[in-house]
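Engineer: So I've got this file, final.pdb, and it contains PDB, C-alpha atoms, pLDDT in the B column:
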```
ATOM      1  CA  MET A   1      17.481 -30.089  -9.102  1.00 38.00           C
ATOM      2  CA  LEU A   2      20.929 -28.866  -8.170  1.00 37.00           C
ATOM      3  CA  SER A   3      22.834 -29.153  -4.956  1.00 38.00           C
ATOM      4  CA  VAL A   4      26.318 -28.489  -3.833  1.00 37.00           C
ATOM      5  CA  VAL A   5      28.473 -31.483  -3.116  1.00 36.00           C
ATOM      6  CA  PHE A   6      31.616 -31.322  -1.241  1.00 36.00           C
ATOM      7  CA  PHE A   7      33.404 -33.075   1.534  1.00 34.00           C
ATOM      8  CA  VAL A   8      33.268 -34.529   4.973  1.00 32.00           C
ATOM      9  CA  LEU A   9      36.033 -33.936   7.405  1.00 31.00           C
ATOM     10  CA  SER A  10      36.844 -36.136  10.341  1.00 30.00           C
ATOM     11  CA  LEU A  11      37.480 -35.698  14.030  1.00 27.00           C
ATOM     12  CA  GLY A  12      36.720 -32.609  16.045  1.00 31.00           C
ATOM     13  CA  PRO A  13      33.349 -31.218  17.126  1.00 33.00           C
ATOM     14  CA  TRP A  14      30.565 -31.736  14.609  1.00 30.00           C
ATOM     15  CA  VAL A  15      28.419 -28.899  13.329  1.00 30.00           C
ATOM     16  CA  THR A  16      24.663 -29.489  13.228  1.00 31.00           C
ATOM     17  CA  ALA A  17      22.763 -28.355  10.157  1.00 32.00           C
ATOM     18  CA  GLY A  18      20.822 -30.950   8.214  1.00 32.00           C
ATOM     19  CA  ALA A  19      22.874 -32.881   5.706  1.00 33.00           C
ATOM     20  CA  HIS A  20      25.753 -30.535   6.353  1.00 37.00           C
ATOM     21  CA  GLY A  21      25.872 -31.568   9.987  1.00 38.00           C
ATOM     22  CA  ARG A  22      28.522 -34.154   9.201  1.00 38.00           C
ATOM     23  CA  ILE A  23      31.121 -31.459   8.665  1.00 40.00           C
ATOM     24  CA  PRO A  24      33.214 -30.796  11.768  1.00 39.00           C
ATOM     25  CA  ASN A  25      34.663 -27.476  12.821  1.00 45.00           C
ATOM     26  CA  ASP A  26      38.238 -28.757  12.795  1.00 43.00           C
ATOM     27  CA  MET A  27      39.495 -27.910   9.307  1.00 38.00           C
ATOM     28  CA  ARG A  28      42.877 -29.571   9.922  1.00 37.00           C
ATOM     29  CA  SER A  29      41.499 -33.087  10.125  1.00 46.00           C
ATOM     30  CA  LEU A  30      40.447 -33.665   6.538  1.00 46.00           C
ATOM     31  CA  GLU A  31      39.805 -37.336   5.946  1.00 50.00           C
ATOM     32  CA  PRO A  32      39.126 -37.901   2.262  1.00 47.00           C
ATOM     33  CA  GLY A  33      37.976 -41.485   2.667  1.00 46.00           C
ATOM     34  CA  LYS A  34      34.632 -40.333   4.100  1.00 46.00           C
ATOM     35  CA  VAL A  35      33.959 -37.740   1.444  1.00 46.00           C
ATOM     36  CA  ILE A  36      32.959 -39.716  -1.612  1.00 45.00           C
ATOM     37  CA  ARG A  37      29.819 -41.239  -0.056  1.00 47.00           C
ATOM     38  CA  VAL A  38      28.650 -37.838   1.139  1.00 46.00           C
ATOM     39  CA  MET A  39      29.351 -36.131  -2.174  1.00 47.00           C
ATOM     40  CA  GLU A  40      26.733 -38.242  -3.866  1.00 45.00           C
ATOM     41  CA  THR A  41      23.987 -37.675  -1.293  1.00 46.00           C
ATOM     42  CA  ASP A  42      24.292 -34.433   0.634  1.00 45.00           C
ATOM     43  CA  PHE A  43      24.473 -31.714  -1.943  1.00 48.00           C
ATOM     44  CA  LEU A  44      22.624 -31.411  -5.214  1.00 46.00           C
ATOM     45  CA  VAL A  45      25.242 -31.485  -7.902  1.00 50.00           C
ATOM     46  CA  PRO A  46      24.589 -32.175 -11.549  1.00 54.00           C
ATOM     47  CA  SER A  47      25.407 -35.775 -12.346  1.00 59.00           C
ATOM     48  CA  GLY A  48      27.967 -34.595 -14.890  1.00 59.00           C
ATOM     49  CA  PHE A  49      30.070 -33.309 -12.003  1.00 65.00           C
ATOM     50  CA  ARG A  50      31.287 -36.854 -11.478  1.00 66.00           C
ATOM     51  CA  MET A  51      33.803 -35.999 -14.198  1.00 76.00           C
ATOM     52  CA  LEU A  52      34.784 -32.818 -12.299  1.00 83.00           C
ATOM     53  CA  PRO A  53      35.891 -34.115  -8.902  1.00 87.00           C
ATOM     54  CA  GLY A  54      36.641 -31.804  -6.017  1.00 87.00           C
ATOM     55  CA  PRO A  55      39.767 -31.775  -3.871  1.00 91.00           C
ATOM     56  CA  MET A  56      38.598 -34.555  -1.586  1.00 87.00           C
ATOM     57  CA  PHE A  57      38.357 -36.986  -4.504  1.00 89.00           C
ATOM     58  CA  TYR A  58      41.971 -36.228  -5.361  1.00 93.00           C
ATOM     59  CA  LEU A  59      43.039 -36.813  -1.752  1.00 92.00           C
ATOM     60  CA  ALA A  60      41.004 -40.001  -1.449  1.00 91.00           C
ATOM     61  CA  HIS A  61      42.789 -41.335  -4.532  1.00 93.00           C
ATOM     62  CA  ALA A  62      46.241 -39.899  -3.753  1.00 95.00           C
ATOM     63  CA  LYS A  63      47.962 -43.269  -3.952  1.00 96.00           C
ATOM     64  CA  ALA A  64      46.289 -44.316  -7.197  1.00 95.00           C
ATOM     65  CA  LEU A  65      47.124 -40.945  -8.725  1.00 96.00           C
ATOM     66  CA  GLY A  66      50.689 -41.077  -7.447  1.00 97.00           C
ATOM     67  CA  LEU A  67      50.393 -37.711  -5.675  1.00 97.00           C
ATOM     68  CA  GLY A  68      53.487 -36.451  -3.925  1.00 97.00           C
ATOM     69  CA  VAL A  69      53.448 -34.926  -0.459  1.00 97.00           C
ATOM     70  CA  ARG A  70      53.643 -31.387  -1.839  1.00 97.00           C
ATOM     71  CA  GLN A  71      50.723 -32.016  -4.209  1.00 97.00           C
ATOM     72  CA  GLN A  72      48.625 -33.449  -1.379  1.00 95.00           C
ATOM     73  CA  GLU A  73      49.391 -30.469   0.833  1.00 96.00           C
ATOM     74  CA  GLU A  74      48.379 -28.038  -1.900  1.00 96.00           C
ATOM     75  CA  ILE A  75      45.156 -29.951  -2.615  1.00 95.00           C
ATOM     76  CA  ARG A  76      44.391 -29.948   1.123  1.00 93.00           C
ATOM     77  CA  ARG A  77      44.900 -26.149   1.122  1.00 94.00           C
ATOM     78  CA  ILE A  78      42.466 -25.844  -1.783  1.00 94.00           C
ATOM     79  CA  ALA A  79      39.903 -27.873   0.180  1.00 91.00           C
ATOM     80  CA  GLU A  80      40.427 -25.789   3.313  1.00 90.00           C
ATOM     81  CA  ARG A  81      40.060 -22.582   1.320  1.00 90.00           C
ATOM     82  CA  ILE A  82      36.686 -23.491  -0.204  1.00 88.00           C
ATOM     83  CA  MET A  83      35.179 -25.530   2.645  1.00 83.00           C
ATOM     84  CA  PRO A  84      33.962 -22.714   4.918  1.00 85.00           C
ATOM     85  CA  GLU A  85      31.952 -20.988   2.182  1.00 85.00           C
ATOM     86  CA  THR A  86      30.689 -24.319   0.873  1.00 83.00           C
ATOM     87  CA  VAL A  87      29.316 -25.171   4.304  1.00 83.00           C
ATOM     88  CA  ARG A  88      27.757 -21.710   4.727  1.00 86.00           C
ATOM     89  CA  ALA A  89      26.173 -21.866   1.260  1.00 87.00           C
ATOM     90  CA  GLY A  90      24.802 -25.350   1.959  1.00 85.00           C
ATOM     91  CA  ARG A  91      23.197 -24.146   5.180  1.00 88.00           C
ATOM     92  CA  ARG A  92      21.679 -21.092   3.459  1.00 91.00           C
ATOM     93  CA  ILE A  93      20.326 -23.270   0.669  1.00 90.00           C
ATOM     94  CA  ASP A  94      18.803 -25.692   3.193  1.00 89.00           C
ATOM     95  CA  ARG A  95      17.126 -22.819   5.085  1.00 92.00           C
ATOM     96  CA  LEU A  96      15.764 -21.237   1.905  1.00 94.00           C
ATOM     97  CA  LYS A  97      14.429 -24.572   0.652  1.00 92.00           C
ATOM     98  CA  SER A  98      12.706 -25.141   3.996  1.00 92.00           C
ATOM     99  CA  GLU A  99      11.093 -21.725   3.724  1.00 94.00           C
ATOM    100  CA  VAL A 100       9.893 -22.483   0.176  1.00 93.00           C
ATOM    101  CA  ILE A 101       8.342 -25.742   1.366  1.00 91.00           C
ATOM    102  CA  THR A 102       6.594 -23.957   4.234  1.00 91.00           C
ATOM    103  CA  LEU A 103       5.321 -21.167   1.972  1.00 92.00           C
ATOM    104  CA  GLY A 104       4.131 -23.689  -0.618  1.00 89.00           C
ATOM    105  CA  ASP A 105       2.043 -25.584   1.916  1.00 86.00           C
ATOM    106  CA  ALA A 106      -1.522 -25.683   0.602  1.00 85.00           C
ATOM    107  CA  ARG A 107      -2.880 -24.871   4.058  1.00 86.00           C
ATOM    108  CA  ASN A 108      -1.363 -21.377   3.850  1.00 81.00           C
ATOM    109  CA  SER A 109      -1.883 -18.476   1.495  1.00 89.00           C
ATOM    110  CA  PHE A 110       0.634 -18.541  -1.337  1.00 90.00           C
ATOM    111  CA  PRO A 111       2.984 -15.536  -1.410  1.00 93.00           C
ATOM    112  CA  SER A 112       4.011 -16.020  -5.034  1.00 93.00           C
ATOM    113  CA  PRO A 113       6.502 -13.103  -5.226  1.00 95.00           C
ATOM    114  CA  ARG A 114       8.329 -14.323  -2.097  1.00 95.00           C
ATOM    115  CA  VAL A 115       8.498 -17.916  -3.331  1.00 94.00           C
ATOM    116  CA  HIS A 116       9.766 -16.744  -6.713  1.00 96.00           C
ATOM    117  CA  PHE A 117      12.423 -14.594  -5.012  1.00 97.00           C
ATOM    118  CA  LEU A 118      13.542 -17.493  -2.804  1.00 96.00           C
ATOM    119  CA  LEU A 119      13.779 -19.913  -5.726  1.00 94.00           C
ATOM    120  CA  ARG A 120      15.889 -17.442  -7.688  1.00 96.00           C
ATOM    121  CA  ARG A 121      18.144 -16.971  -4.648  1.00 95.00           C
ATOM    122  CA  ILE A 122      18.522 -20.741  -4.225  1.00 93.00           C
ATOM    123  CA  GLY A 123      19.470 -21.046  -7.888  1.00 92.00           C
ATOM    124  CA  LEU A 124      22.075 -18.317  -7.558  1.00 94.00           C
ATOM    125  CA  LEU A 125      23.602 -19.850  -4.421  1.00 92.00           C
ATOM    126  CA  GLU A 126      23.718 -23.286  -6.032  1.00 88.00           C
ATOM    127  CA  ALA A 127      25.272 -21.873  -9.199  1.00 90.00           C
ATOM    128  CA  GLU A 128      27.964 -20.077  -7.179  1.00 91.00           C
ATOM    129  CA  ALA A 129      28.737 -23.197  -5.161  1.00 87.00           C
ATOM    130  CA  ASN A 130      28.920 -25.271  -8.339  1.00 86.00           C
ATOM    131  CA  PHE A 131      31.282 -22.716  -9.887  1.00 90.00           C
ATOM    132  CA  GLN A 132      33.533 -22.830  -6.796  1.00 91.00           C
ATOM    133  CA  HIS A 133      33.544 -26.614  -7.048  1.00 88.00           C
ATOM    134  CA  ILE A 134      34.630 -26.454 -10.689  1.00 90.00           C
ATOM    135  CA  GLU A 135      37.326 -23.882  -9.883  1.00 93.00           C
ATOM    136  CA  ALA A 136      38.663 -26.146  -7.117  1.00 93.00           C
ATOM    137  CA  HIS A 137      38.664 -29.105  -9.507  1.00 93.00           C
ATOM    138  CA  ARG A 138      40.634 -27.117 -12.077  1.00 95.00           C
ATOM    139  CA  ALA A 139      43.127 -25.928  -9.441  1.00 96.00           C
ATOM    140  CA  CYS A 140      43.703 -29.538  -8.395  1.00 96.00           C
ATOM    141  CA  LEU A 141      43.954 -30.700 -11.996  1.00 95.00           C
ATOM    142  CA  ASP A 142      46.611 -28.066 -12.677  1.00 96.00           C
ATOM    143  CA  LEU A 143      48.811 -29.688 -10.009  1.00 97.00           C
ATOM    144  CA  LEU A 144      48.932 -33.011 -11.849  1.00 97.00           C
ATOM    145  CA  ASP A 145      51.523 -34.050 -14.389  1.00 96.00           C
ATOM    146  CA  PRO A 146      50.346 -35.712 -17.649  1.00 96.00           C
ATOM    147  CA  ARG A 147      50.751 -39.241 -16.242  1.00 97.00           C
ATOM    148  CA  GLN A 148      48.677 -38.367 -13.166  1.00 96.00           C
ATOM    149  CA  LYS A 149      45.997 -36.762 -15.343  1.00 95.00           C
ATOM    150  CA  ALA A 150      45.759 -39.980 -17.367  1.00 94.00           C
ATOM    151  CA  ARG A 151      45.315 -41.936 -14.112  1.00 95.00           C
ATOM    152  CA  LEU A 152      42.645 -39.481 -12.951  1.00 94.00           C
ATOM    153  CA  PHE A 153      40.669 -39.800 -16.172  1.00 91.00           C
ATOM    154  CA  SER A 154      40.922 -43.575 -15.943  1.00 92.00           C
ATOM    155  CA  LEU A 155      39.614 -43.502 -12.357  1.00 90.00           C
ATOM    156  CA  LEU A 156      36.758 -41.197 -13.338  1.00 88.00           C
ATOM    157  CA  SER A 157      35.695 -43.464 -16.179  1.00 86.00           C
ATOM    158  CA  HIS A 158      35.043 -46.210 -13.599  1.00 81.00           C
ATOM    159  CA  HIS A 159      33.051 -44.035 -11.164  1.00 66.00           C
TER
END
```
In structure tokens, how does this file's structure come out?

Structural biologist:
Amino acid sequence: MLSVVFFVLSLGPWVTAGAHGRIPNDMRSLEPGKVIRVMETDFLVPSGFRMLPGPMFYLAHAKALGLGVRQQEEIRRIAERIMPETVRAGRRIDRLKSEVITLGDARNSFPSPRVHFLLRRIGLLEAEANFQHIEAHRACLDLLDPRQKARLFSLLSHH
């Protein structure tokens, strides 16, 4: 089962939508310290993605990685660029999964073509979100110098 993991932001009004309800509207108040816990529970991401962290992981470990102010600002911009679509995709996936569960209920007739369509759509949305996550990871990785990359890989080997 796949799911899209990303980040939690802090402060500001909170959006309500299942697991994604922890993401506030205020995109300026990114707080990476709250992200890691959510990444592992809210979205369905292949376990191998632990070696492909998103922007919030980089920000949460800025000190350990030795990130400069400019690097942190750029990583924050990457997070802000992908966050809105990530949230929208997560909500769509949640709605589609709820519909599949309802349609699969044994008390109802089973509309096989509709369920098949929905499952294919969920897979596509999850694949797109996973691809965006990987692209964000690579964009963040490209900002690191060789020493910082070595620190990142060391951190990842302990997570």

Engineer: Would you list the contacts of range 97-110 of chain A as a PyMOL selection string, taking every protein, DNA or RNA residue within 12 Å and counting all atoms listed in the file, but skipping same-chain residues closer than 3 positions in sequence?

Structural biologist: chain A and resi 1-3+18+90-94+113-123+125-126

Engineer: Write a file of the selected residues as a PDB file, in the frame of the given file, keeping C-alpha atoms.

Structural biologist:
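Printed below is result10.pdb as written:
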```pdb
ATOM      1  CA  MET A   1      17.481 -30.089  -9.102  1.00 38.00           C
ATOM      2  CA  LEU A   2      20.929 -28.866  -8.170  1.00 37.00           C
ATOM      3  CA  SER A   3      22.834 -29.153  -4.956  1.00 38.00           C
ATOM      4  CA  GLY A  18      20.822 -30.950   8.214  1.00 32.00           C
ATOM      5  CA  GLY A  90      24.802 -25.350   1.959  1.00 85.00           C
ATOM      6  CA  ARG A  91      23.197 -24.146   5.180  1.00 88.00           C
ATOM      7  CA  ARG A  92      21.679 -21.092   3.459  1.00 91.00           C
ATOM      8  CA  ILE A  93      20.326 -23.270   0.669  1.00 90.00           C
ATOM      9  CA  ASP A  94      18.803 -25.692   3.193  1.00 89.00           C
ATOM     10  CA  PRO A 113       6.502 -13.103  -5.226  1.00 95.00           C
ATOM     11  CA  ARG A 114       8.329 -14.323  -2.097  1.00 95.00           C
ATOM     12  CA  VAL A 115       8.498 -17.916  -3.331  1.00 94.00           C
ATOM     13  CA  HIS A 116       9.766 -16.744  -6.713  1.00 96.00           C
ATOM     14  CA  PHE A 117      12.423 -14.594  -5.012  1.00 97.00           C
ATOM     15  CA  LEU A 118      13.542 -17.493  -2.804  1.00 96.00           C
ATOM     16  CA  LEU A 119      13.779 -19.913  -5.726  1.00 94.00           C
ATOM     17  CA  ARG A 120      15.889 -17.442  -7.688  1.00 96.00           C
ATOM     18  CA  ARG A 121      18.144 -16.971  -4.648  1.00 95.00           C
ATOM     19  CA  ILE A 122      18.522 -20.741  -4.225  1.00 93.00           C
ATOM     20  CA  GLY A 123      19.470 -21.046  -7.888  1.00 92.00           C
ATOM     21  CA  LEU A 125      23.602 -19.850  -4.421  1.00 92.00           C
ATOM     22  CA  GLU A 126      23.718 -23.286  -6.032  1.00 88.00           C
TER      23      GLU A 126
END
```

Engineer: As a ChimeraX atom specification, please: the residues near Leu143 in chain A (cut-off 9 Å, all atoms listed in the file, same-chain neighbours under 3 positions excluded).

Structural biologist: /A:71,74-75,138-140

Engineer: What is the CA of Pro53 in chain A to CA of Ala79 in chain A distance in Å?

Structural biologist: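 Between CA of Pro53 in chain A and CA of Ala79 in chain A the gap works out to 11.7 Å.
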
Engineer: Using the file's own x, y and z axes, so that the box edges lie along x, y and z, what centre and edge lengths in Å (one decimal) does a box around every listed atom of range 121-139 of chain A get when 8 Å is added on each side? Give it as lines of an AutoDock Vina configuration file.

Structural biologist:
```
center_x = 30.6
center_y = -23.0
center_z = -8.2
size_x = 41.0
size_y = 28.1
size_z = 23.9
```

Engineer: Can you work out the spacing between CA of Phe153 in chain A and CA of Gln72 in chain A in Å, to one decimal?

Structural biologist: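 Between CA of Phe153 in chain A and CA of Gln72 in chain A the gap works out to 18.0 Å.
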
Engineer: May I ask for the distance between CA of Ala62 in chain A and CA of Ser154 in chain A, given in Å to one decimal place?

Structural biologist: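 Atom-to-atom, CA of Ala62 in chain A and CA of Ser154 in chain A are spaced 13.8 Å apart.
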